[in-house]
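*Asks:* Have a look at the structure that comes next, please.
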Amino acid sequence: MRYFVTGAAGFIGSNLVDRLLEQGHSVTGFDNLSTGRLQFLDDAQKHAQFKLVLGDTLDSAALAEALAGCDVVFHLAANADVRFGTSHPHKDLEQNTVATFNVLEAMRGSGVSRIAFASTGSVYGEPEVFPTPESAPFPIQTSFYGASKLACEGLIQAYCAGFGFQAHIFRFVSVLGQRYSHGHVFDFYSSLMKNPTQLQVLGDGHQRKSYVSVQDCIEAMSVALEKACQPINVFNLGTDETCEVQDSVRWIIDELQVEPEIIYSGGSRGWIGDSPFIFLDCTRIKSLGWKAKHSIREGVVATLDYLRANPWLLEAKA
């Protein structure tokens, strides 16, 4: 198979590229390196079946040229700056929704009809049912990121109905593991490396979240593409457990063997649009034979291990 991966130099994208190449597939990666890192593709770049195209998903012509001849598109590129959506709402519109439209149009022009899309559990806003199933009604949207991803899902579904596309839409919880380069574990680790005596935590520490390891996430996507064959296939991806932010903080400071003063701020939400409770029902993907192999704590520790072994990532971020 010939795969096209947007966001190929990113956290999830680069891990996916490695997996596809290990499976013997041909892969074209597409990335503008705004947040992705070439170092994440060091192994892939040595592979004869991999090609990296430096380009932006807002460049329709570059997209169309790069994905011509592929069989399946993994569209992972997006604005990852979730917390500051209210500071620049145009980013989520352009880099998520408009970019997804460009990908779909490039596919239509090139005769490519299969897409796997990285959505988010944030599309559920603040649901009333936990664990939250794929069939849950969508409440009022509370974040620009979630709203833009929900718009992307709508566009993809319309292309499936209008042009005969097949889609696999994945609503992730937060993902942890090697090459993790943004999010709370990165932020807490970076902060403690600068000042191990104090840690600022957004929210009251009781925000309750679920997380999944990047390897479990990629395995779930692989299983879904192999076994789910409806025109539109929507899957939650997460684990059967949650943790509070303060649990994650404790695991991190225990691993680092520091005892900082912890300062909580912001009330029950860390920022505008932050859902205080995210827990997805993953029965649908598990019915295909997939099951998460790593606990949330194992994911946090694996992330810390990677960050400690790769100090260049913190320097690059700074």
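All residue names refer to the structure tokens as shown: chains lettered A, B, ... in order, residues numbered from 1 in each chain, ligands numbered from 1 in order.
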Could you pull out the strand (DSSP E or B) residues of range 147-229 of chain A, going by DSSP on the backbone, and write them as a ChimeraX atom specification?

*Replies:* /A:166-172,174-176,198-203,208-209,211-213

*Asks:* What residues in range 129-296 of chain A get the DSSP label alpha helix (DSSP H)? Please answer as a PDB file with C-alpha atoms, in the first residue's frame.

*Replies:*
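Saved result, states_17.pdb, follows:
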```pdb
ATOM      1  CA  PHE A 144     -12.189  26.437  19.067  1.00  0.00           C
ATOM      2  CA  TYR A 145     -10.075  23.322  18.616  1.00  0.00           C
ATOM      3  CA  GLY A 146     -12.993  20.971  19.258  1.00  0.00           C
ATOM      4  CA  ALA A 147     -15.337  23.042  17.092  1.00  0.00           C
ATOM      5  CA  SER A 148     -12.885  23.046  14.185  1.00  0.00           C
ATOM      6  CA  LYS A 149     -12.357  19.280  14.425  1.00  0.00           C
ATOM      7  CA  LEU A 150     -16.114  18.693  14.492  1.00  0.00           C
ATOM      8  CA  ALA A 151     -16.391  20.794  11.325  1.00  0.00           C
ATOM      9  CA  CYS A 152     -13.671  18.620   9.772  1.00  0.00           C
ATOM     10  CA  GLU A 153     -15.653  15.495  10.603  1.00  0.00           C
ATOM     11  CA  GLY A 154     -18.701  17.001   8.911  1.00  0.00           C
ATOM     12  CA  LEU A 155     -16.732  17.803   5.771  1.00  0.00           C
ATOM     13  CA  ILE A 156     -15.257  14.314   5.608  1.00  0.00           C
ATOM     14  CA  GLN A 157     -18.652  12.687   6.028  1.00  0.00           C
ATOM     15  CA  ALA A 158     -20.084  14.895   3.274  1.00  0.00           C
ATOM     16  CA  TYR A 159     -17.278  13.821   0.916  1.00  0.00           C
ATOM     17  CA  CYS A 160     -18.078  10.205   1.747  1.00  0.00           C
ATOM     18  CA  ALA A 161     -21.726  10.775   0.832  1.00  0.00           C
ATOM     19  CA  GLY A 162     -21.083  13.012  -2.155  1.00  0.00           C
ATOM     20  CA  PHE A 163     -17.990  11.494  -3.761  1.00  0.00           C
ATOM     21  CA  HIS A 184       0.923  18.670  30.323  1.00  0.00           C
ATOM     22  CA  VAL A 185       3.710  16.108  30.888  1.00  0.00           C
ATOM     23  CA  PHE A 186       6.074  18.102  28.679  1.00  0.00           C
ATOM     24  CA  ASP A 187       5.085  21.371  30.378  1.00  0.00           C
ATOM     25  CA  PHE A 188       5.446  19.986  33.919  1.00  0.00           C
ATOM     26  CA  TYR A 189       8.773  18.317  33.129  1.00  0.00           C
ATOM     27  CA  SER A 190      10.140  21.442  31.456  1.00  0.00           C
ATOM     28  CA  SER A 191       9.027  23.603  34.360  1.00  0.00           C
ATOM     29  CA  LEU A 192      10.576  21.304  36.971  1.00  0.00           C
ATOM     30  CA  MET A 193      13.859  21.159  35.069  1.00  0.00           C
ATOM     31  CA  LYS A 194      14.027  24.946  35.334  1.00  0.00           C
ATOM     32  CA  VAL A 214       1.045   6.467  21.149  1.00  0.00           C
ATOM     33  CA  GLN A 215       1.806   2.846  20.307  1.00  0.00           C
ATOM     34  CA  ASP A 216      -1.654   1.731  21.465  1.00  0.00           C
ATOM     35  CA  CYS A 217      -3.156   4.589  19.463  1.00  0.00           C
ATOM     36  CA  ILE A 218      -1.379   3.568  16.258  1.00  0.00           C
ATOM     37  CA  GLU A 219      -2.270  -0.075  16.762  1.00  0.00           C
ATOM     38  CA  ALA A 220      -5.935   0.881  17.128  1.00  0.00           C
ATOM     39  CA  MET A 221      -5.871   2.857  13.878  1.00  0.00           C
ATOM     40  CA  SER A 222      -4.225  -0.052  12.086  1.00  0.00           C
ATOM     41  CA  VAL A 223      -6.867  -2.495  13.365  1.00  0.00           C
ATOM     42  CA  ALA A 224      -9.692  -0.174  12.350  1.00  0.00           C
ATOM     43  CA  LEU A 225      -8.409   0.305   8.807  1.00  0.00           C
ATOM     44  CA  GLU A 226      -8.027  -3.431   8.405  1.00  0.00           C
ATOM     45  CA  LYS A 227     -11.350  -4.544   9.863  1.00  0.00           C
ATOM     46  CA  VAL A 245      -4.293  16.011  36.990  1.00  0.00           C
ATOM     47  CA  GLN A 246      -2.970  15.867  40.544  1.00  0.00           C
ATOM     48  CA  ASP A 247      -2.364  12.110  40.096  1.00  0.00           C
ATOM     49  CA  SER A 248      -0.259  12.813  37.022  1.00  0.00           C
ATOM     50  CA  VAL A 249       1.612  15.527  38.918  1.00  0.00           C
ATOM     51  CA  ARG A 250       2.388  13.077  41.733  1.00  0.00           C
ATOM     52  CA  TRP A 251       3.681  10.435  39.329  1.00  0.00           C
ATOM     53  CA  ILE A 252       5.934  12.979  37.643  1.00  0.00           C
ATOM     54  CA  ILE A 253       7.448  14.397  40.826  1.00  0.00           C
ATOM     55  CA  ASP A 254       7.935  10.879  42.208  1.00  0.00           C
ATOM     56  CA  GLU A 255       9.800   9.854  39.043  1.00  0.00           C
ATOM     57  CA  LEU A 256      11.944  12.977  39.120  1.00  0.00           C
ATOM     58  CA  THR A 283     -16.350  -0.527  23.158  1.00  0.00           C
ATOM     59  CA  ARG A 284     -16.553  -0.085  19.378  1.00  0.00           C
ATOM     60  CA  ILE A 285     -12.816  -0.296  18.679  1.00  0.00           C
ATOM     61  CA  LYS A 286     -12.401  -3.074  21.264  1.00  0.00           C
ATOM     62  CA  ILE A 296      -1.958   5.862  31.971  1.00  0.00           C
TER      63      ILE A 296
END
```

*Asks:* May I ask which of the residues A:Ile169, A:Val82, A:Ala64, A:Met107 is the closest one to Pro231 in chain A, counting only C-alpha atoms?

*Replies:*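 Using only C-alpha atoms, the shortest distance to Pro231 in chain A belongs to A:Ile169.
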
*Asks:* Identify which of the residues A:Asp31, A:Asp281, A:Glu315, A:Glu244 lies closest to Tyr124 in chain A, counting only C-alpha atoms when measuring atom-to-atom distances.

*Replies:*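 Distance minimum relative to Tyr124 in chain A lands on A:Asp281.
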
*Asks:* Would you pick out the contacts of range 197-211 of chain A at 7 Å or less, using only C-alpha atoms, so that residues sharing its chain but fewer than 6 positions from it are not included, and give the list as an MDAnalysis selection string?

*Replies:* chainID A and resid 173:176 191 238:239 241:246 259:270 276:279 296

*Asks:* Report, in Å to a single decimal, how far apart CA of Ser213 in chain A and CA of Asp42 in chain A are.

*Replies:*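 According to the coordinates, CA of Asp42 in chain A and CA of Ser213 in chain A are separated by 21.2 Å.
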
*Asks:* What's the 12 Å shell around Ala48 in chain A, counting only C-alpha atoms, without same-chain residues fewer than 4 positions away, as number ranges by chain?

*Replies:* A: 21-22, 24-28, 43-44, 52

*Asks:* By how many Å are CA of Trp312 in chain A and CA of Leu76 in chain A apart?

*Replies:*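 Distance reported for this atom pair: 23.9 Å.
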
*Asks:* Between CA of Tyr180 in chain A and CA of Lys317 in chain A, what distance in Å does the model show, to one decimal?

*Replies:* 11.7 Å

*Asks:* Find the residues around Ala78 in chain A up to 8 Å (only C-alpha atoms counted), leave out those fewer than 4 positions away in its own chain, and share them as a list in words.

*Replies:*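 Answer for this query is Gly7, Asp92, Gln95 and Asn96 of chain A.
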
*Asks:* Between A:Ala80, A:Leu304, A:Val72, A:Ala99, single out the one closest to Gly55 in chain A, counting only C-alpha atoms.

*Replies:* A:Ala99

*Asks:* Considering only C-alpha atoms, can you say which of A:Thr100, A:Ser275, A:Ser34, A:Asn236 comes closest to Pro133 in chain A?

*Replies:*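 Of A:Thr100, A:Ser275, A:Ser34, A:Asn236, the one nearest Pro133 in chain A, counting only C-alpha atoms, is A:Asn236.
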
*Asks:* Pick out the closest residue to Ala68 in chain A from this set: A:Leu33, A:Glu128, A:Phe4, A:Asp56. Count only C-alpha atoms.

*Replies:* A:Phe4
